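Peer 1: My structure file start_23.cif, mmCIF, C-alpha atoms, is below:
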data_entry
#
loop_
_atom_site.label_atom_id
_atom_site.label_comp_id
_atom_site.auth_asym_id
_atom_site.auth_seq_id
_atom_site.Cartn_x
_atom_site.Cartn_y
_atom_site.Cartn_z
CA MET A 243 166.93 168.65 94.46
CA ARG A 244 169.57 170.15 96.72
CA THR A 245 169.37 167.10 98.97
CA ILE A 246 169.95 164.81 95.99
CA PHE A 247 172.91 166.89 94.79
CA ALA A 248 174.35 166.98 98.31
CA ALA A 249 174.01 163.21 98.67
CA ASP A 250 175.50 162.75 95.21
CA THR A 251 178.57 164.80 96.09
CA TRP A 252 178.90 163.21 99.53
CA LEU A 253 178.88 159.67 98.09
CA LEU A 254 181.35 160.60 95.36
CA LEU A 255 183.72 162.15 97.90
CA TRP A 256 183.30 159.16 100.23
CA ILE A 257 184.31 156.80 97.43
CA GLN A 258 187.23 159.08 96.59
CA GLU A 259 188.45 159.20 100.18
CA ASN A 260 187.76 155.62 101.30
CA MET A 261 187.94 153.26 98.35
CA ARG A 262 190.71 154.47 96.08
CA THR A 263 193.83 152.32 95.90
CA PRO A 264 196.54 152.18 93.23
CA TRP A 265 195.55 148.64 92.26
CA LEU A 266 191.82 149.38 91.99
CA THR A 267 192.53 152.59 90.10
CA SER A 268 194.59 150.65 87.57
CA VAL A 269 191.89 148.01 87.09
CA LEU A 270 188.97 150.45 86.87
CA THR A 271 190.85 152.74 84.49
CA ARG A 272 191.23 149.82 82.09
CA ILE A 273 187.60 148.84 82.54
CA THR A 274 186.31 152.37 81.92
CA HIS A 275 188.37 152.64 78.73
CA LEU A 276 186.64 149.51 77.38
CA GLY A 277 183.58 151.74 77.05
CA ASP A 278 185.36 154.54 75.18
CA ALA A 279 183.50 155.24 71.93
CA GLY A 280 181.55 152.02 72.50
CA VAL A 281 184.40 149.99 71.02
CA VAL A 282 183.89 146.88 73.16
CA TRP A 283 180.15 146.93 72.37
CA ILE A 284 180.75 147.42 68.65
CA LEU A 285 183.17 144.49 68.60
CA LEU A 286 180.77 142.31 70.59
CA SER A 287 177.88 143.22 68.29
CA ALA A 288 179.98 142.41 65.22
CA ALA A 289 180.98 139.05 66.67
CA LEU A 290 177.34 138.19 67.39
CA LEU A 291 176.28 139.21 63.88
CA ILE A 292 178.64 136.66 62.34
CA PHE A 293 176.76 133.61 63.62
CA VAL A 294 173.18 132.80 62.64
CA LYS A 295 172.30 131.63 66.17
CA THR A 296 173.31 134.96 67.71
CA ARG A 297 172.43 137.30 64.85
CA ARG A 298 169.22 138.59 66.46
CA SER A 299 171.20 139.47 69.60
CA GLY A 300 173.86 141.16 67.48
CA ILE A 301 171.21 143.24 65.73
CA CYS A 302 169.62 144.16 69.06
CA ALA A 303 172.98 145.14 70.54
CA SER A 304 174.09 147.25 67.59
CA VAL A 305 170.73 148.99 67.13
CA SER A 306 170.46 149.70 70.87
CA LEU A 307 173.99 151.12 70.89
CA ALA A 308 173.17 153.52 68.05
CA ALA A 309 169.80 154.45 69.57
CA VAL A 310 171.20 155.12 73.03
CA TYR A 311 173.86 157.37 71.56
CA VAL A 312 171.17 159.51 69.94
CA VAL A 313 168.86 159.55 72.98
CA ASN A 314 171.50 159.99 75.65
CA ASP A 315 174.44 161.82 74.14
CA LEU A 316 172.73 163.96 71.52
CA VAL A 317 169.46 164.73 73.32
CA LEU A 318 169.56 164.26 77.11
CA LYS A 319 173.08 165.54 77.77
CA ASN A 320 172.25 168.70 75.82
CA ILE A 321 169.04 169.21 77.79
CA PHE A 322 170.58 168.80 81.25
CA GLU A 323 174.10 170.16 80.63
CA ARG A 324 175.30 169.10 84.07
CA LEU A 325 178.90 169.92 84.93
CA ARG A 326 181.19 167.02 85.63
CA PRO A 327 182.15 166.55 89.29
CA PHE A 328 185.73 167.74 88.82
CA GLU A 329 184.38 170.90 87.13
CA ALA A 330 181.83 171.61 89.86
CA SER A 331 184.04 170.99 92.91
CA ASP A 332 187.73 171.43 93.61
CA ALA A 333 187.39 168.62 96.16
CA VAL A 334 186.85 166.04 93.41
CA THR A 335 189.92 164.60 91.74
CA ALA A 336 189.44 162.93 88.36
CA LEU A 337 191.86 160.04 87.89
CA ILE A 338 191.66 159.94 84.09
CA ALA A 339 191.91 162.56 81.35
CA HIS A 340 188.99 164.91 81.69
CA PRO A 341 186.25 163.84 79.31
CA GLY A 342 184.39 166.56 77.47
CA GLY A 343 180.68 167.12 77.35
CA ALA A 344 178.00 167.08 79.98
CA SER A 345 177.94 164.66 82.87
CA PHE A 346 174.25 163.69 83.05
CA PRO A 347 173.38 160.97 82.12
CA SER A 348 176.56 158.92 81.81
CA GLY A 349 177.12 157.92 78.19
CA HIS A 350 179.49 155.07 79.04
CA THR A 351 176.89 153.65 81.44
CA ALA A 352 173.95 154.18 79.09
CA SER A 353 175.76 152.38 76.27
CA ALA A 354 176.82 149.51 78.50
CA PHE A 355 173.36 148.96 79.94
CA ALA A 356 171.63 149.36 76.56
CA VAL A 357 173.71 146.55 75.10
CA ALA A 358 173.45 144.39 78.23
CA ALA A 359 169.65 144.77 78.36
CA ALA A 360 169.34 144.09 74.63
CA LEU A 361 171.42 140.93 75.01
CA VAL A 362 169.48 139.65 78.01
CA LEU A 363 166.10 140.35 76.40
CA SER A 364 167.07 138.94 73.00
CA HIS A 365 168.15 135.70 74.67
CA ALA A 366 171.82 135.90 73.78
CA PRO A 367 173.87 132.99 75.12
CA ARG A 368 173.95 133.23 78.89
CA TYR A 369 177.72 133.68 79.13
CA VAL A 370 177.45 136.65 76.74
CA SER A 371 174.56 138.39 78.47
CA VAL A 372 175.94 137.79 81.98
CA SER A 373 179.42 138.99 80.97
CA ALA A 374 177.95 142.11 79.34
CA SER A 375 175.83 142.81 82.43
CA VAL A 376 178.79 142.46 84.80
CA LEU A 377 180.90 144.69 82.56
CA ALA A 378 178.08 147.26 82.49
CA LEU A 379 178.03 147.36 86.30
CA LEU A 380 181.81 147.67 86.46
CA ILE A 381 181.87 150.47 83.89
CA ALA A 382 179.16 152.33 85.80
CA PHE A 383 181.07 152.07 89.08
CA SER A 384 184.35 153.00 87.39
CA ARG A 385 182.89 156.29 86.17
CA VAL A 386 182.09 157.38 89.73
CA TYR A 387 185.27 155.92 91.22
CA LEU A 388 187.42 157.76 88.68
CA GLY A 389 185.68 161.05 89.48
CA VAL A 390 184.15 161.77 86.07
CA HIS A 391 180.49 161.18 87.02
CA TYR A 392 178.20 161.57 89.99
CA PRO A 393 176.28 158.49 91.21
CA THR A 394 173.02 159.90 89.81
CA ASP A 395 174.69 160.27 86.40
CA VAL A 396 175.33 156.54 86.24
CA ILE A 397 171.94 155.63 87.73
CA ALA A 398 170.22 157.73 85.06
CA GLY A 399 172.54 156.34 82.39
CA ALA A 400 171.66 152.80 83.44
CA ALA A 401 167.94 153.59 83.37
CA VAL A 402 168.17 155.17 79.91
CA GLY A 403 170.26 152.26 78.66
CA ILE A 404 167.90 149.61 80.01
CA ALA A 405 164.90 151.41 78.52
CA VAL A 406 166.54 151.74 75.10
CA GLY A 407 167.78 148.14 75.19
CA ALA A 408 164.32 146.87 76.13
CA ILE A 409 162.56 148.89 73.43
CA THR A 410 165.11 147.74 70.86
CA ALA A 411 164.75 144.07 71.81
CA TRP A 412 160.96 144.39 71.65
CA ALA A 413 161.09 146.14 68.25
CA VAL A 414 163.52 143.63 66.73
CA LYS A 415 161.35 140.77 67.97
CA LYS A 416 158.33 142.36 66.29
CA VAL A 417 160.13 142.59 62.97
CA LYS A 418 159.96 139.09 61.56
CA HIS A 419 162.84 138.44 59.24
CA GLU A 420 163.79 135.11 57.71
CA SER A 421 167.53 135.54 58.27
CA PHE A 422 167.15 135.49 62.04
#
Please rewrite the model in this file as structure tokens.

Peer 2:
Amino acid sequence: MRTIFAADTWLLLWIQENMRTPWLTSVLTRITHLGDAGVVWILLSAALLIFVKTRRSGICASVSLAAVYVVNDLVLKNIFERLRPFEASDAVTALIAHPGGASFPSGHTASAFAVAAALVLSHAPRYVSVSASVLALLIAFSRVYLGVHYPTDVIAGAAVGIAVGAITAWAVKKVKHESF
């Protein structure tokens, strides 16, 4: 485990020292805030629920968002209670207001990947599922770049999100409902 934690910190510090620019910081700060409180995913889910052709995808996205919040933020974060990088090391500089709560797994990343996976697996329109997937990747990277998560936090968040999104898409498909 020490090797993983050492590699985690090394990669985070490498990104901090070699990739940060004012322009990229500005862009990634805006991207990371899209994931705050799941607002972008709630709005996307609501938009998909409006139209009959995308309603199943909207249901999958909204259910997966709620489920991943419970699994990730209420259960896993409380089990692991990992300190955020800026709390664990004075060498790490967070570029946004310090978020509260545990670091592992990343909630922003878990939410983003849960919705993206649910959209892909529920056969949402391609432009929707591809856009959500790209945004999920950007949010995940932004969390490390901005110094509020370790790389393993976002990897675990992505894994949790994909699992929850896949289970949700499978469950919704199993529930036959005439309004879909």

Peer 1: From the options A:Trp256, A:Tyr369, A:Phe355, A:Phe322, which residue's atoms come nearest to Ile381 (chain A), counting all atoms listed in the file?

Peer 2: A:Phe355

Peer 1: For this file, the PyMOL selection byres ((chain A and resi 303) around 12) selects which residues, as a count of residues only?

Peer 2: 51

Peer 1: Using all atoms listed in the file, can you tell me which of A:Gly399, A:Leu388, A:Gly343, A:Ala378 comes closest to Leu266 (chain A)?

Peer 2: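 So, comparing all the options, the nearest one is A:Leu388.
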
Peer 1: Using 5 Å of padding on each side, determine the axis-aligned box around all atoms of region 382-401 of chain A present in the file and give its centre and edge lengths in Å to one decimal, as lines of an AutoDock Vina configuration file.

Peer 2:
center_x = 177.7
center_y = 156.9
center_z = 86.8
size_x = 29.5
size_y = 19.7
size_z = 18.8

Peer 1: CA of Ser375 (chain A) and CA of Pro327 (chain A), how far apart in Å?

Peer 2: 25.5 Å

Peer 1: Please determine, counting all atoms listed in the file, which residue among A:Ala405, A:Val281, A:Leu276, A:Val390 has the shortest atom-to-atom distance to His340 (chain A).

Peer 2: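 With all atoms listed in the file as the atom set, the closest residue is A:Val390.
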
Peer 1: List, as a PDB file with C-alpha atoms, in the coordinates of the input, every residue that the PyMOL selection byres ((chain A and resi 243-253) around 9) selects in the file provided.

Peer 2:
ATOM      1  CA  LEU A 254     181.350 160.600  95.360  1.00  0.00           C
ATOM      2  CA  LEU A 255     183.720 162.150  97.900  1.00  0.00           C
ATOM      3  CA  TRP A 256     183.300 159.160 100.230  1.00  0.00           C
ATOM      4  CA  ILE A 257     184.310 156.800  97.430  1.00  0.00           C
ATOM      5  CA  GLN A 258     187.230 159.080  96.590  1.00  0.00           C
ATOM      6  CA  PRO A 327     182.150 166.550  89.290  1.00  0.00           C
ATOM      7  CA  SER A 331     184.040 170.990  92.910  1.00  0.00           C
ATOM      8  CA  VAL A 334     186.850 166.040  93.410  1.00  0.00           C
ATOM      9  CA  TYR A 392     178.200 161.570  89.990  1.00  0.00           C
ATOM     10  CA  PRO A 393     176.280 158.490  91.210  1.00  0.00           C
ATOM     11  CA  THR A 394     173.020 159.900  89.810  1.00  0.00           C
TER      12      THR A 394
END

Peer 1: Hey, which of A:Val294, A:Val386, A:Val376, A:Leu318 ends up closest to Thr335 (chain A)? Count only C-alpha atoms.

Peer 2: A:Val386

Peer 1: Which residue out of A:Leu325, A:Ala279, A:Val312, A:Leu379 has the minimum interatomic distance to Phe346 (chain A) when all atoms listed in the file are used?

Peer 2: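 Nearest candidate to Phe346 (chain A) out of A:Leu325, A:Ala279, A:Val312, A:Leu379: A:Leu325.
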
Peer 1: Evaluating the PyMOL selection byres ((chain A and resi 341) around 12) on the displayed file yields which residues, as a PyMOL selection string?

Peer 2: chain A and resi 274-275+278-279+325-329+336-340+342-345+348-350+385+388-391

Peer 1: With C-alpha atoms kept, could you save the residues just selected as an mmCIF file, in the coordinates of the input?

Peer 2:
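To be explicit, this is the file written out as again_13.cif:
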data_model
loop_
_atom_site.group_PDB
_atom_site.id
_atom_site.type_symbol
_atom_site.label_atom_id
_atom_site.label_comp_id
_atom_site.auth_asym_id
_atom_site.auth_seq_id
_atom_site.Cartn_x
_atom_site.Cartn_y
_atom_site.Cartn_z
ATOM 1 C CA THR A 274 186.310 152.370 81.920
ATOM 2 C CA HIS A 275 188.370 152.640 78.730
ATOM 3 C CA ASP A 278 185.360 154.540 75.180
ATOM 4 C CA ALA A 279 183.500 155.240 71.930
ATOM 5 C CA LEU A 325 178.900 169.920 84.930
ATOM 6 C CA ARG A 326 181.190 167.020 85.630
ATOM 7 C CA PRO A 327 182.150 166.550 89.290
ATOM 8 C CA PHE A 328 185.730 167.740 88.820
ATOM 9 C CA GLU A 329 184.380 170.900 87.130
ATOM 10 C CA ALA A 336 189.440 162.930 88.360
ATOM 11 C CA LEU A 337 191.860 160.040 87.890
ATOM 12 C CA ILE A 338 191.660 159.940 84.090
ATOM 13 C CA ALA A 339 191.910 162.560 81.350
ATOM 14 C CA HIS A 340 188.990 164.910 81.690
ATOM 15 C CA GLY A 342 184.390 166.560 77.470
ATOM 16 C CA GLY A 343 180.680 167.120 77.350
ATOM 17 C CA ALA A 344 178.000 167.080 79.980
ATOM 18 C CA SER A 345 177.940 164.660 82.870
ATOM 19 C CA SER A 348 176.560 158.920 81.810
ATOM 20 C CA GLY A 349 177.120 157.920 78.190
ATOM 21 C CA HIS A 350 179.490 155.070 79.040
ATOM 22 C CA ARG A 385 182.890 156.290 86.170
ATOM 23 C CA LEU A 388 187.420 157.760 88.680
ATOM 24 C CA GLY A 389 185.680 161.050 89.480
ATOM 25 C CA VAL A 390 184.150 161.770 86.070
ATOM 26 C CA HIS A 391 180.490 161.180 87.020
#

Peer 1: Can you measure CA of Ala400 (chain A) to CA of Ala413 (chain A) for me? One decimal in Å is fine.

Peer 2: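 Atom-to-atom, CA of Ala400 (chain A) to CA of Ala413 (chain A), that is 19.7 Å.
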
Peer 1: Please compute the CA of Trp412 (chain A)-CA of Val372 (chain A) distance, one decimal, in Å.

Peer 2: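 Distance reported for this atom pair: 19.4 Å.
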
Peer 1: Have a look at A:Ala352, A:Leu377, A:Ile321, A:Val417 and name the one nearest to Asp395 (chain A); count all atoms listed in the file.

Peer 2: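 Residue with the minimum atom-to-atom distance to Asp395 (chain A): A:Ala352.
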